[in-house]
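Each remark here refers to the structure printed beneath this line.
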Amino acid sequence: MNRENMTESPAAPAPKPTPTVPPTSAPYSPRLADQDLQDALRRAGGVLITGPKACGKTETARQIAQSTLQADTDPSLARQLEILPDLALQGATPRLIDEWQVYPILWDLSRHEIDRRREPGQFILTGSTAPGAGAAKHSGAGRFARLTMGTMTFLETGHSDATISLHELAKSAPGEEIAPHASRLTIPDIAQRLAFGGWPGNLGLTAKQATENNRDYLETIAAVDIRVPDDTYRDPQRVKRLLVALARGVGTEVTTSVLARDTDLSRDTVREYLDSLARIFVAQNQSAWRPHLRSRVPLRETPKRHLADPALAVAALHADADGLLGDLEFFGQAFESQVVHDLGFMSRQEVYHARGADGLEVDAVVEISGRTVLVEVKLGSSDATIDTAATHLQAFARRYLEAGNTRHAPVLVVVTGGGLSYTRPDGVHVVAFGNLGA
């Protein structure tokens, strides 16, 4: 992020996105980020929390913040920043500065204050837009820890019993088996949850209400939020066409050229829109894995496309749980996207995908505790389905090992939509998604 050209005087506030998910009076639901935030505040003067709108950043920060500045709604803040800018930072610490990017000068003010105080845990800055060029003069390196949040995982919404730990799997020795566990999560359960989504504000709503909220979310993205990063108008109808195309290709390597063809937009327009959607954390890429800089294994570099939550893909196509059950191909895409989403937040690492020139592929690759975990995602859990997935994993692993890309054998995992979690005689772990935890 380039913040080299920011001026010391506050610029006019950026456009303020309208909320689409209503606030809830329900008790706070614990998040995977809770401990990460506490740890970050112990080691850094400030913490920057980013992520899509309404994913729970502010509520998570409020659990530990001792005072709050609401930058997007405080009517006196603009005048205050002109006359006594340091006053905005006064308050019990950690002080939460919510939607700080509305007044980008708050970044440099808080950075300077961290330098002056020389103590950890001073500020928590939250925002739903990635700063663009000129947002600040300094990156914040050495002052701010960074924490990315997303919508709730299946673990956080209670759809997984977490009997199988992802981190423990990564540490498992060759030949070590997991104790068998049956998942209570059914395929219809998964369909309902994928359509419902992982926004904390939807908790306690009916499926119909949650689906309507998700569609409203998309409307607001197209009409308002996509303009926020650079205050540039973009045709809402064109944005919606792109969101629909991304939804159809969720979890796949759909290219910019294909998106342009499917939306009747130029490739330059598609790239510009994708960049803006990425800056509000709506469009997300799953990068292609590169096992080693000197690797001779030829791997494709096209990223897979995802949205902030698979429920947005469901909503963009005007589908629901029944629609998913009636279209198993798209259901499988959405399920894979959810697994990738959850793997990222449970591992706290970037999740890659891999596809070789010879056709060998792996749905998810994640590095945990020095081990490489290779994951195939299958909605079904029949013996034939699992056999095929395990065979693909082993073939890819053999190629991976033969190329000398690791000192340790990778951990091979097939994540299924239901059934039993266990370790096969060949060492491949089968984990039902309803059993998978951090």
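In the structure tokens, the first chain shown is A, the next is B, and so on; residue numbers restart at 1 for each chain, and ligands run from 1 in the order shown.
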
If you take only C-alpha atoms and a cut-off of 9 Å, which residues of segment 234-330 of chain A touch segment 165-189 of chain A, and what are their nearest atom pairs and distances in Å to one decimal, in chain and number order, as JSON lines?
{"residue": "A:Ala321", "atom": "CA", "partner": "A:Pro188", "partner_atom": "CA", "distance": 7.4}
{"residue": "A:Asp322", "atom": "CA", "partner": "A:Pro188", "partner_atom": "CA", "distance": 8.4}
{"residue": "A:Leu325", "atom": "CA", "partner": "A:Pro188", "partner_atom": "CA", "distance": 7.3}

File dump, residues just selected, C-alpha atoms, as a compact mmCIF listing (two decimals), in the first residue's frame:
# COMPACT_ATOMS: atom_id res chain seq x y z
CA ALA A 321 -30.36 -23.73 -0.03
CA ASP A 322 -32.82 -25.59 -2.26
CA LEU A 325 -29.19 -28.89 -3.63

DSSP strand (DSSP E or B) residues within segment 64-295 of chain A, as a PyMOL selection string = chain A and resi 67-70+95-98+123-127+144-148+164-165+181-182+283-286+288

Surrounding residues of Ala195 of chain A excluding itself and chain neighbours under 3 positions, 12 Å, only C-alpha atoms, as a VMD selection string = chain A and resid 188 to 192 198 to 199 202 206 to 215 309 to 325 331 334 to 335 338

Please produce a file of the residues just selected, as an mmCIF file, in the first residue's frame, where the atoms kept are N, CA and C atoms.
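Writing done, so here's out07.cif:
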data_model
loop_
_atom_site.group_PDB
_atom_site.id
_atom_site.type_symbol
_atom_site.label_atom_id
_atom_site.label_comp_id
_atom_site.auth_asym_id
_atom_site.auth_seq_id
_atom_site.Cartn_x
_atom_site.Cartn_y
_atom_site.Cartn_z
ATOM 1 N N PRO A 188 -27.697 -31.092 3.491
ATOM 2 C CA PRO A 188 -28.664 -29.989 3.567
ATOM 3 C C PRO A 188 -28.254 -28.915 4.573
ATOM 4 N N ASP A 189 -27.630 -29.314 5.689
ATOM 5 C CA ASP A 189 -27.134 -28.325 6.655
ATOM 6 C C ASP A 189 -26.116 -27.394 6.000
ATOM 7 N N ILE A 190 -25.213 -27.989 5.230
ATOM 8 C CA ILE A 190 -24.186 -27.189 4.564
ATOM 9 C C ILE A 190 -24.823 -26.235 3.562
ATOM 10 N N ALA A 191 -25.803 -26.716 2.805
ATOM 11 C CA ALA A 191 -26.487 -25.860 1.834
ATOM 12 C C ALA A 191 -27.138 -24.671 2.527
ATOM 13 N N GLN A 192 -27.802 -24.930 3.650
ATOM 14 C CA GLN A 192 -28.446 -23.842 4.381
ATOM 15 C C GLN A 192 -27.428 -22.832 4.885
ATOM 16 N N GLY A 198 -21.850 -15.908 6.692
ATOM 17 C CA GLY A 198 -21.155 -15.832 7.966
ATOM 18 C C GLY A 198 -21.094 -14.452 8.586
ATOM 19 N N TRP A 199 -22.035 -13.571 8.260
ATOM 20 C CA TRP A 199 -22.036 -12.244 8.872
ATOM 21 C C TRP A 199 -22.613 -12.306 10.278
ATOM 22 N N ASN A 202 -26.220 -11.379 10.871
ATOM 23 C CA ASN A 202 -27.297 -12.264 10.427
ATOM 24 C C ASN A 202 -27.675 -13.314 11.465
ATOM 25 N N THR A 206 -33.942 -15.406 10.304
ATOM 26 C CA THR A 206 -34.405 -16.550 9.527
ATOM 27 C C THR A 206 -33.555 -16.674 8.269
ATOM 28 N N ALA A 207 -33.621 -17.825 7.623
ATOM 29 C CA ALA A 207 -32.869 -18.027 6.386
ATOM 30 C C ALA A 207 -33.290 -17.012 5.328
ATOM 31 N N LYS A 208 -34.594 -16.724 5.252
ATOM 32 C CA LYS A 208 -35.089 -15.760 4.265
ATOM 33 C C LYS A 208 -34.540 -14.365 4.551
ATOM 34 N N GLN A 209 -34.539 -13.971 5.819
ATOM 35 C CA GLN A 209 -34.021 -12.653 6.177
ATOM 36 C C GLN A 209 -32.531 -12.543 5.868
ATOM 37 N N ALA A 210 -31.781 -13.595 6.184
ATOM 38 C CA ALA A 210 -30.341 -13.574 5.920
ATOM 39 C C ALA A 210 -30.069 -13.477 4.423
ATOM 40 N N THR A 211 -30.827 -14.237 3.632
ATOM 41 C CA THR A 211 -30.642 -14.203 2.181
ATOM 42 C C THR A 211 -30.947 -12.821 1.627
ATOM 43 N N GLU A 212 -32.012 -12.192 2.132
ATOM 44 C CA GLU A 212 -32.347 -10.836 1.685
ATOM 45 C C GLU A 212 -31.251 -9.850 2.073
ATOM 46 N N ASN A 213 -30.694 -10.006 3.263
ATOM 47 C CA ASN A 213 -29.578 -9.150 3.666
ATOM 48 C C ASN A 213 -28.384 -9.314 2.733
ATOM 49 N N ASN A 214 -28.109 -10.549 2.356
ATOM 50 C CA ASN A 214 -26.977 -10.802 1.465
ATOM 51 C C ASN A 214 -27.190 -10.146 0.100
ATOM 52 N N ARG A 215 -28.423 -10.171 -0.387
ATOM 53 C CA ARG A 215 -28.715 -9.515 -1.668
ATOM 54 C C ARG A 215 -28.617 -8.002 -1.529
ATOM 55 N N ASP A 309 -17.516 -14.006 1.019
ATOM 56 C CA ASP A 309 -18.238 -15.120 1.625
ATOM 57 C C ASP A 309 -18.971 -15.837 0.500
ATOM 58 N N PRO A 310 -18.967 -17.174 0.483
ATOM 59 C CA PRO A 310 -19.682 -17.891 -0.576
ATOM 60 C C PRO A 310 -21.158 -17.522 -0.661
ATOM 61 N N ALA A 311 -21.724 -17.043 0.439
ATOM 62 C CA ALA A 311 -23.133 -16.637 0.408
ATOM 63 C C ALA A 311 -23.369 -15.503 -0.577
ATOM 64 N N LEU A 312 -22.350 -14.690 -0.838
ATOM 65 C CA LEU A 312 -22.506 -13.637 -1.838
ATOM 66 C C LEU A 312 -22.663 -14.231 -3.229
ATOM 67 N N ALA A 313 -21.954 -15.321 -3.504
ATOM 68 C CA ALA A 313 -22.114 -15.997 -4.790
ATOM 69 C C ALA A 313 -23.520 -16.570 -4.914
ATOM 70 N N VAL A 314 -24.003 -17.165 -3.826
ATOM 71 C CA VAL A 314 -25.358 -17.719 -3.818
ATOM 72 C C VAL A 314 -26.372 -16.605 -4.049
ATOM 73 N N ALA A 315 -26.188 -15.476 -3.355
ATOM 74 C CA ALA A 315 -27.130 -14.362 -3.471
ATOM 75 C C ALA A 315 -27.082 -13.735 -4.858
ATOM 76 N N ALA A 316 -25.890 -13.619 -5.434
ATOM 77 C CA ALA A 316 -25.758 -12.996 -6.749
ATOM 78 C C ALA A 316 -26.515 -13.766 -7.818
ATOM 79 N N LEU A 317 -26.620 -15.083 -7.634
ATOM 80 C CA LEU A 317 -27.330 -15.923 -8.600
ATOM 81 C C LEU A 317 -28.775 -16.162 -8.190
ATOM 82 N N HIS A 318 -29.242 -15.400 -7.175
ATOM 83 C CA HIS A 318 -30.618 -15.505 -6.676
ATOM 84 C C HIS A 318 -30.965 -16.942 -6.302
ATOM 85 N N ALA A 319 -30.016 -17.622 -5.705
ATOM 86 C CA ALA A 319 -30.226 -19.001 -5.265
ATOM 87 C C ALA A 319 -30.482 -19.032 -3.767
ATOM 88 N N ASP A 320 -30.779 -20.211 -3.268
ATOM 89 C CA ASP A 320 -30.955 -20.442 -1.838
ATOM 90 C C ASP A 320 -30.508 -21.877 -1.564
ATOM 91 N N ALA A 321 -30.802 -22.375 -0.376
ATOM 92 C CA ALA A 321 -30.361 -23.732 -0.032
ATOM 93 C C ALA A 321 -30.937 -24.765 -0.998
ATOM 94 N N ASP A 322 -32.214 -24.633 -1.330
ATOM 95 C CA ASP A 322 -32.822 -25.585 -2.265
ATOM 96 C C ASP A 322 -32.165 -25.497 -3.639
ATOM 97 N N GLY A 323 -31.827 -24.279 -4.047
ATOM 98 C CA GLY A 323 -31.160 -24.110 -5.328
ATOM 99 C C GLY A 323 -29.802 -24.789 -5.362
ATOM 100 N N LEU A 324 -29.076 -24.727 -4.249
ATOM 101 C CA LEU A 324 -27.787 -25.413 -4.169
ATOM 102 C C LEU A 324 -27.965 -26.920 -4.284
ATOM 103 N N LEU A 325 -28.952 -27.446 -3.580
ATOM 104 C CA LEU A 325 -29.194 -28.886 -3.626
ATOM 105 C C LEU A 325 -29.614 -29.343 -5.020
ATOM 106 N N PHE A 331 -22.971 -26.066 -6.151
ATOM 107 C CA PHE A 331 -22.886 -26.367 -4.717
ATOM 108 C C PHE A 331 -21.445 -26.763 -4.371
ATOM 109 N N ALA A 334 -19.194 -23.677 -4.364
ATOM 110 C CA ALA A 334 -19.407 -22.848 -3.176
ATOM 111 C C ALA A 334 -18.830 -23.514 -1.933
ATOM 112 N N PHE A 335 -18.968 -24.840 -1.852
ATOM 113 C CA PHE A 335 -18.422 -25.565 -0.706
ATOM 114 C C PHE A 335 -16.897 -25.464 -0.689
ATOM 115 N N GLN A 338 -15.904 -22.133 0.567
ATOM 116 C CA GLN A 338 -16.045 -22.014 2.023
ATOM 117 C C GLN A 338 -14.890 -22.702 2.744
#

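Nearest-residue note for Thr157 of chain A: choosing from A:Arg300, A:Arg193, A:Lys57, A:Arg241, the minimum distance belongs to A:Arg193, counting only C-alpha atoms.
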
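Among the candidates A:Thr93, A:Ser128, A:Arg261, A:Val428, the residue lying nearest to Thr391 of chain A is A:Val428 (atoms considered: only C-alpha atoms).
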
Computed interatomic separation between atom CA of Ile64 of chain A and atom CA of Ala88 of chain A (Å) = 18.8 Å

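With only C-alpha atoms as the atoms that count, the residue of A:Gln90, A:Ser110, A:Thr148, A:Thr50 with the shortest distance to Thr129 of chain A is A:Thr50.
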
Point-to-point distance from atom CA of Ala65 of chain A to atom CA of Leu48 of chain A, Å rounded to tenths | 13.1 Å

Name all residues at most 12 Å from Ser382 of chain A (count only C-alpha atoms; drop same-chain ones fewer than 2 positions away) and give them as JSON, numbers by chain.
-> {"A": [378, 379, 380, 384, 385, 386, 387, 388, 389, 414, 416, 417, 418, 419, 420, 430, 432]}

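Between Gly201 of chain A and the candidates A:Arg424, A:His392, A:Lys53, A:Arg305, the tightest atom-to-atom separation, counting only C-alpha atoms, involves A:Lys53.
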
Using the chain letters and numbers from this document, which residues of segment 6-209 of chain A does DSSP assign to alpha helix (DSSP H), as number ranges by chain?
-> A: 33-43, 57-62, 77-83, 105-117, 166-171, 187-196, 207-209

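Near Tyr233 of chain A, within 10 Å and counting only C-alpha atoms, sit Ala223, Val224, Ile226, Arg227 and Val228 of chain A; same-chain residues fewer than 4 positions away were not included.
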
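Among the candidate residues A:Ala364, A:Ala357, A:Leu84, A:Ala78, the one lying nearest to Val102 of chain A is A:Ala78, with distances computed using only C-alpha atoms.
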
Can you pull out every residue within 8 Å of segment 36-47 of chain A, counting only C-alpha atoms, but drop anything in the same chain fewer than 2 positions away, and send it as a ChimeraX atom specification?
-> /A:32-34,49,61,64,114,118-125,142-147

Same residues, C-alpha atoms, saved as a PDB file, in the first residue's frame:
ATOM      1  CA  LEU A  32     -10.757 -16.689  16.003  1.00  0.00           C
ATOM      2  CA  ALA A  33      -9.325 -13.161  15.866  1.00  0.00           C
ATOM      3  CA  ASP A  34      -9.896 -12.493  19.581  1.00  0.00           C
ATOM      4  CA  ILE A  49      -7.829  -4.593  11.476  1.00  0.00           C
ATOM      5  CA  ALA A  61     -12.205  -4.559  18.727  1.00  0.00           C
ATOM      6  CA  ILE A  64     -10.905  -5.092  24.338  1.00  0.00           C
ATOM      7  CA  ILE A 114       2.756   5.684  19.178  1.00  0.00           C
ATOM      8  CA  ARG A 118       6.658   4.273  23.307  1.00  0.00           C
ATOM      9  CA  GLU A 119       4.211   1.740  24.747  1.00  0.00           C
ATOM     10  CA  PRO A 120       2.357  -1.196  23.160  1.00  0.00           C
ATOM     11  CA  GLY A 121      -1.403  -1.504  22.923  1.00  0.00           C
ATOM     12  CA  GLN A 122      -2.318   2.128  22.262  1.00  0.00           C
ATOM     13  CA  PHE A 123      -4.661   2.049  19.261  1.00  0.00           C
ATOM     14  CA  ILE A 124      -6.886  -0.279  17.261  1.00  0.00           C
ATOM     15  CA  LEU A 125      -7.733   1.020  13.791  1.00  0.00           C
ATOM     16  CA  GLY A 142       7.339  -1.214  13.382  1.00  0.00           C
ATOM     17  CA  ARG A 143       4.335   0.571  14.880  1.00  0.00           C
ATOM     18  CA  PHE A 144       1.297  -1.348  13.672  1.00  0.00           C
ATOM     19  CA  ALA A 145       0.540  -5.043  13.647  1.00  0.00           C
ATOM     20  CA  ARG A 146      -1.928  -6.090  10.962  1.00  0.00           C
ATOM     21  CA  LEU A 147      -4.895  -8.376  11.392  1.00  0.00           C
TER      22      LEU A 147
END

Counting only C-alpha atoms, figure out which residue out of A:Val351, A:Leu328, A:Leu299, A:Leu218 gets nearest to Tyr400 of chain A.
-> A:Leu299

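The space between atom CA of Trp107 of chain A and atom CA of Thr68 of chain A spans 15.1 Å.
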